[in-house]
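> What follows is my_file_21.cif, made up of mmCIF, C-alpha atoms:
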data_coords
#
loop_
_atom_site.label_atom_id
_atom_site.label_comp_id
_atom_site.auth_asym_id
_atom_site.auth_seq_id
_atom_site.Cartn_x
_atom_site.Cartn_y
_atom_site.Cartn_z
CA MET G 1 -5.82 9.18 -18.17
CA ILE G 2 -2.75 8.44 -16.05
CA ASP G 3 -2.67 9.01 -12.28
CA LYS G 4 -0.02 11.01 -10.46
CA ASP G 5 2.08 7.86 -9.91
CA GLY G 6 2.13 6.99 -13.63
CA TYR G 7 -0.54 4.24 -13.67
CA ARG G 8 -3.41 4.00 -16.14
CA PRO G 9 -6.73 2.86 -14.55
CA ASN G 10 -7.82 -0.46 -16.00
CA VAL G 11 -10.16 -3.39 -15.36
CA GLY G 12 -9.36 -7.09 -15.55
CA ILE G 13 -11.95 -9.81 -16.08
CA ILE G 14 -11.83 -13.38 -14.84
CA LEU G 15 -14.74 -15.13 -16.52
CA CYS G 16 -15.61 -18.60 -15.24
CA ASN G 17 -18.04 -21.24 -16.43
CA ALA G 18 -20.24 -23.58 -14.37
CA ARG G 19 -17.25 -25.92 -13.81
CA ASN G 20 -15.18 -23.01 -12.40
CA GLU G 21 -12.87 -23.08 -15.41
CA VAL G 22 -11.66 -19.67 -16.53
CA PHE G 23 -11.69 -18.02 -19.94
CA TRP G 24 -8.31 -17.42 -21.58
CA GLY G 25 -7.99 -15.41 -24.78
CA LYS G 26 -5.05 -15.74 -27.18
CA ARG G 27 -3.70 -12.37 -28.28
CA VAL G 28 -4.09 -11.75 -32.01
CA ARG G 29 -1.05 -13.10 -33.93
CA GLN G 30 0.84 -13.94 -30.71
CA HIS G 31 1.38 -17.00 -28.58
CA ALA G 32 0.35 -15.11 -25.44
CA TRP G 33 -2.77 -15.93 -23.48
CA GLN G 34 -4.48 -13.56 -21.09
CA PHE G 35 -7.70 -12.57 -19.39
CA PRO G 36 -9.78 -9.80 -20.96
CA GLN G 37 -8.78 -6.37 -19.71
CA GLY G 38 -8.88 -2.75 -20.76
CA GLY G 39 -8.72 0.88 -19.78
CA ILE G 40 -11.30 2.83 -17.85
CA ASP G 41 -12.51 5.79 -19.90
CA HIS G 42 -12.94 9.24 -18.36
CA GLY G 43 -16.20 9.37 -16.38
CA GLU G 44 -16.64 5.59 -16.45
CA SER G 45 -16.93 3.48 -13.30
CA PRO G 46 -14.87 0.27 -13.10
CA GLU G 47 -18.08 -1.76 -13.49
CA GLN G 48 -19.12 0.19 -16.61
CA ALA G 49 -15.64 -0.28 -18.08
CA MET G 50 -15.78 -4.01 -17.29
CA TYR G 51 -19.06 -4.45 -19.19
CA ARG G 52 -17.76 -2.41 -22.14
CA GLU G 53 -14.52 -4.40 -22.32
CA LEU G 54 -16.43 -7.68 -21.95
CA MET G 55 -18.53 -6.78 -25.00
CA GLU G 56 -15.58 -5.45 -27.05
CA GLU G 57 -13.21 -8.34 -26.37
CA VAL G 58 -15.48 -11.34 -25.76
CA GLY G 59 -18.83 -10.28 -27.26
CA LEU G 60 -20.76 -10.90 -24.04
CA ALA G 61 -23.48 -8.58 -22.76
CA PRO G 62 -24.46 -8.04 -19.10
CA GLU G 63 -27.27 -10.60 -19.41
CA HIS G 64 -24.67 -13.30 -20.25
CA VAL G 65 -22.82 -12.96 -16.91
CA ARG G 66 -23.24 -12.45 -13.19
CA ILE G 67 -20.71 -10.57 -11.06
CA LEU G 68 -19.42 -12.80 -8.26
CA GLY G 69 -16.91 -10.35 -6.81
CA ARG G 70 -14.23 -7.76 -7.39
CA THR G 71 -10.89 -6.90 -5.87
CA GLN G 72 -11.04 -4.48 -2.96
CA ASN G 73 -8.08 -2.38 -4.09
CA TRP G 74 -6.11 -1.60 -7.21
CA LEU G 75 -3.55 -4.20 -8.30
CA ARG G 76 -0.58 -2.68 -10.16
CA TYR G 77 2.00 -3.83 -12.63
CA ASP G 78 4.84 -1.93 -14.27
CA VAL G 79 5.27 -2.18 -18.02
CA PRO G 80 8.91 -2.62 -19.10
CA ARG G 81 10.20 0.47 -20.90
CA HIS G 82 10.74 -1.42 -24.17
CA TRP G 83 7.00 -2.38 -24.16
CA SER G 84 5.81 1.24 -23.79
CA ARG G 85 4.94 3.43 -26.73
CA ARG G 86 7.44 6.23 -27.27
CA ASP G 87 4.88 8.94 -26.39
CA CYS G 88 4.09 7.25 -23.03
CA ARG G 89 7.62 6.94 -21.67
CA GLY G 90 7.68 10.18 -19.70
CA HIS G 91 5.28 9.64 -16.82
CA TYR G 92 3.69 6.26 -17.69
CA ARG G 93 4.75 3.33 -15.47
CA GLY G 94 2.05 0.75 -16.02
CA GLN G 95 -1.50 -0.17 -15.14
CA LYS G 96 -3.56 -0.25 -11.98
CA GLN G 97 -6.47 -2.64 -12.18
CA ILE G 98 -9.72 -3.53 -10.47
CA TRP G 99 -10.43 -7.19 -11.19
CA PHE G 100 -13.89 -8.71 -11.55
CA LEU G 101 -14.82 -12.37 -11.20
CA LEU G 102 -17.79 -13.21 -13.41
CA ARG G 103 -19.91 -16.32 -13.84
CA LEU G 104 -20.99 -17.08 -17.41
CA THR G 105 -24.77 -17.50 -17.30
CA GLY G 106 -25.04 -17.65 -21.08
CA ARG G 107 -23.62 -20.34 -23.36
CA ASP G 108 -20.20 -20.87 -24.90
CA CYS G 109 -21.69 -20.02 -28.30
CA ASP G 110 -22.49 -16.50 -26.99
CA VAL G 111 -18.75 -15.75 -27.00
CA CYS G 112 -17.86 -13.70 -30.09
CA LEU G 113 -14.25 -12.59 -30.51
CA ARG G 114 -15.21 -10.43 -33.53
CA ALA G 115 -17.65 -8.16 -31.66
CA SER G 116 -15.21 -5.26 -32.15
CA THR G 117 -13.63 -3.89 -35.32
CA HIS G 118 -10.23 -4.35 -33.62
CA PRO G 119 -10.30 -7.84 -32.03
CA GLU G 120 -7.89 -8.48 -29.15
CA PHE G 121 -8.09 -12.28 -29.35
CA ASP G 122 -8.05 -14.79 -32.22
CA ALA G 123 -8.76 -17.89 -30.10
CA TRP G 124 -10.06 -18.78 -26.66
CA ARG G 125 -10.29 -21.74 -24.29
CA TRP G 126 -11.43 -22.79 -20.82
CA ASN G 127 -8.69 -23.74 -18.35
CA SER G 128 -8.65 -24.77 -14.72
CA TYR G 129 -8.76 -21.86 -12.27
CA TRP G 130 -5.18 -22.45 -11.10
CA VAL G 131 -3.50 -22.95 -14.48
CA ALA G 132 0.24 -22.36 -14.94
CA MET G 133 1.06 -18.77 -15.88
CA ASP G 134 3.86 -19.56 -18.33
CA THR G 135 1.92 -18.28 -21.37
CA VAL G 136 1.09 -14.95 -19.67
CA VAL G 137 3.50 -12.10 -20.37
CA GLU G 138 5.96 -12.12 -17.48
CA PHE G 139 5.32 -8.64 -16.05
CA LYS G 140 1.58 -9.42 -15.55
CA ARG G 141 1.96 -12.77 -13.77
CA ASP G 142 2.08 -11.48 -10.19
CA VAL G 143 -1.08 -9.41 -10.69
CA TYR G 144 -2.86 -12.41 -12.22
CA ARG G 145 -1.91 -14.58 -9.22
CA ALA G 146 -2.99 -11.86 -6.78
CA ALA G 147 -6.37 -11.40 -8.50
CA LEU G 148 -7.04 -15.15 -8.68
CA SER G 149 -6.07 -15.56 -5.01
CA GLU G 150 -8.20 -12.68 -3.77
CA LEU G 151 -11.28 -13.70 -5.77
CA ALA G 152 -11.18 -17.50 -5.31
CA HIS G 153 -13.40 -17.51 -2.22
CA TYR G 154 -16.29 -16.10 -4.28
CA LEU G 155 -16.42 -19.37 -6.24
CA ASP G 156 -17.11 -21.31 -3.03
CA ARG G 157 -19.83 -18.84 -2.00
CA ASP G 158 -21.44 -19.05 -5.44
CA HIS G 159 -21.31 -22.87 -5.38
CA GLU G 160 -23.06 -22.91 -1.98
CA ARG G 161 -25.68 -20.42 -3.18
CA ARG G 162 -26.41 -22.37 -6.37
CA HIS G 163 -26.76 -25.68 -4.51
CA THR G 164 -29.06 -24.56 -1.69
CA PRO G 165 -32.79 -25.04 -2.38
CA HIS G 166 -34.36 -21.82 -3.68
CA GLY G 167 -31.09 -19.96 -3.10
CA GLU G 168 -31.79 -19.82 0.62
CA VAL G 169 -28.99 -19.83 3.15
CA GLY G 170 -28.61 -23.36 4.47
CA LEU G 171 -28.66 -23.97 8.21
CA LEU G 172 -26.95 -26.80 10.01
CA VAL G 173 -29.41 -28.64 12.24
CA ASP G 174 -28.39 -31.08 14.94
CA ALA G 175 -30.89 -33.91 14.48
CA SER G 176 -30.03 -35.44 17.88
CA LYS G 177 -31.87 -32.65 19.75
#
Let's see the structure in the file written out as structure tokens.


Amino acid sequence: MIDKDGYRPNVGIILCNARNEVFWGKRVRQHAWQFPQGGIDHGESPEQAMYRELMEEVGLAPEHVRILGRTQNWLRYDVPRHWSRRDCRGHYRGQKQIWFLLRLTGRDCDVCLRASTHPEFDAWRWNSYWVAMDTVVEFKRDVYRAALSELAHYLDRDHERRHTPHGEVGLLVDASK
């Protein structure tokens, strides 16, 4: 399913742990690291696609994560012509993505890279949120930076929510009055 401008709808997933480190998967038989991502099937919402891709690529179910936020608009990247399959070269330009920021509520041992019959990753690691992008394929780097930048404020909100008694909104009180 490619839109009129030549972009395939897709979701990207930034999965973070309790220390706000992000999940990076190493592409099978490559020295390229990336966030989980994948296409949106016909009739699927971005959120449904995100949960499906999360299970297929990382082996995590909805009960293992909490959605912290998502990008407001599509982020796009063009795929260089030599990276495109021959049958896609006519109208296909690249991908447009909605990005989700998730908090892992499960455990590291819940991650299973072999949940699918066609694994995308053969290794994974946690890295700081603002890690260097030099191991990400070059044409995706700007989209990664844009997604990380747009979603970063959700980490602060989640930290405040998790550290307020009973999840209540904290109020500042002037004790001198």

> If we count all atoms listed in the file and set the cut-off at 12 Å, which residues sit around Ala115 in chain G, ignoring sequence neighbours fewer than 4 positions away in its own chain? Please answer as a PyMOL selection string.

chain G and resi 52-61+110-111+119-122

> I need the output of the PyMOL selection byres ((chain G and resi 94-97) around 10) for this file as JSON, numbers by chain; which residues are they?

{"G": [2, 3, 5, 6, 7, 8, 9, 10, 11, 12, 13, 37, 38, 39, 40, 46, 71, 73, 74, 75, 76, 77, 78, 79, 80, 81, 84, 88, 91, 92, 93, 98, 99, 100, 139, 140, 143, 147]}

> Restricting the calculation to only C-alpha atoms, which member of G:Arg66, G:Arg29, G:Leu155, G:Thr117 is positioned closest to Tyr129 in chain G?

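Once distances to Tyr129 in chain G are computed over only C-alpha atoms, the minimum belongs to G:Leu155.
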
> Here is a test: counting only C-alpha atoms, which residue of G:Asn127, G:Leu101, G:Asp108, G:Ala18 is nearest to Ser149 in chain G?

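Looking at the shortest contact to Ser149 in chain G, the residue is G:Leu101.
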
> List every protein, DNA or RNA residue that has an atom no more than 12 Å from (-11.4, -16.8, -5.2) in the file's coordinate frame, counting all atoms listed in the file, and report them as a PDB file with C-alpha atoms, keeping the file's coordinate frame.


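Final file, part14.pdb:
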ATOM      1  CA  ILE G  14     -11.830 -13.380 -14.840  1.00  0.00           C
ATOM      2  CA  LEU G  15     -14.740 -15.130 -16.520  1.00  0.00           C
ATOM      3  CA  CYS G  16     -15.610 -18.600 -15.240  1.00  0.00           C
ATOM      4  CA  ASN G  20     -15.180 -23.010 -12.400  1.00  0.00           C
ATOM      5  CA  VAL G  22     -11.660 -19.670 -16.530  1.00  0.00           C
ATOM      6  CA  LEU G  68     -19.420 -12.800  -8.260  1.00  0.00           C
ATOM      7  CA  GLY G  69     -16.910 -10.350  -6.810  1.00  0.00           C
ATOM      8  CA  ARG G  70     -14.230  -7.760  -7.390  1.00  0.00           C
ATOM      9  CA  THR G  71     -10.890  -6.900  -5.870  1.00  0.00           C
ATOM     10  CA  TRP G  99     -10.430  -7.190 -11.190  1.00  0.00           C
ATOM     11  CA  PHE G 100     -13.890  -8.710 -11.550  1.00  0.00           C
ATOM     12  CA  LEU G 101     -14.820 -12.370 -11.200  1.00  0.00           C
ATOM     13  CA  LEU G 102     -17.790 -13.210 -13.410  1.00  0.00           C
ATOM     14  CA  TYR G 129      -8.760 -21.860 -12.270  1.00  0.00           C
ATOM     15  CA  TRP G 130      -5.180 -22.450 -11.100  1.00  0.00           C
ATOM     16  CA  TYR G 144      -2.860 -12.410 -12.220  1.00  0.00           C
ATOM     17  CA  ARG G 145      -1.910 -14.580  -9.220  1.00  0.00           C
ATOM     18  CA  ALA G 146      -2.990 -11.860  -6.780  1.00  0.00           C
ATOM     19  CA  ALA G 147      -6.370 -11.400  -8.500  1.00  0.00           C
ATOM     20  CA  LEU G 148      -7.040 -15.150  -8.680  1.00  0.00           C
ATOM     21  CA  SER G 149      -6.070 -15.560  -5.010  1.00  0.00           C
ATOM     22  CA  GLU G 150      -8.200 -12.680  -3.770  1.00  0.00           C
ATOM     23  CA  LEU G 151     -11.280 -13.700  -5.770  1.00  0.00           C
ATOM     24  CA  ALA G 152     -11.180 -17.500  -5.310  1.00  0.00           C
ATOM     25  CA  HIS G 153     -13.400 -17.510  -2.220  1.00  0.00           C
ATOM     26  CA  TYR G 154     -16.290 -16.100  -4.280  1.00  0.00           C
ATOM     27  CA  LEU G 155     -16.420 -19.370  -6.240  1.00  0.00           C
ATOM     28  CA  ASP G 156     -17.110 -21.310  -3.030  1.00  0.00           C
ATOM     29  CA  ARG G 157     -19.830 -18.840  -2.000  1.00  0.00           C
ATOM     30  CA  ASP G 158     -21.440 -19.050  -5.440  1.00  0.00           C
ATOM     31  CA  HIS G 159     -21.310 -22.870  -5.380  1.00  0.00           C
TER      32      HIS G 159
END

> For a test of reading the model, state the distance in Å between CA of Gly25 in chain G and CA of His118 in chain G, rounded to one decimal.

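Spanning CA of Gly25 in chain G to CA of His118 in chain G is a straight-line distance of 14.3 Å.
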
> Please, what distance in Å, to one decimal, runs between CA of Trp124 in chain G and CA of Pro36 in chain G?

10.6 Å

> Please indicate the distance in Å from CA of Leu104 in chain G to CA of Arg27 in chain G, rounded to one decimal place.

21.0 Å

> To test the calculation: enclose all listed atoms of range 139-153 of chain G in a box whose edges run along x, y and z, add 6 Å on each side, then state centre and edge lengths in Å to one decimal, as lines of an AutoDock Vina configuration file.


center_x = -4.0
center_y = -13.1
center_z = -9.1
size_x = 30.7
size_y = 20.9
size_z = 25.8

> Find the residue from G:Val65, G:Trp24, G:Ala49, G:Asp41 that sits nearest to Arg103 in chain G; use all atoms listed in the file when measuring.

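Selected residue with least distance to Arg103 in chain G: G:Val65.
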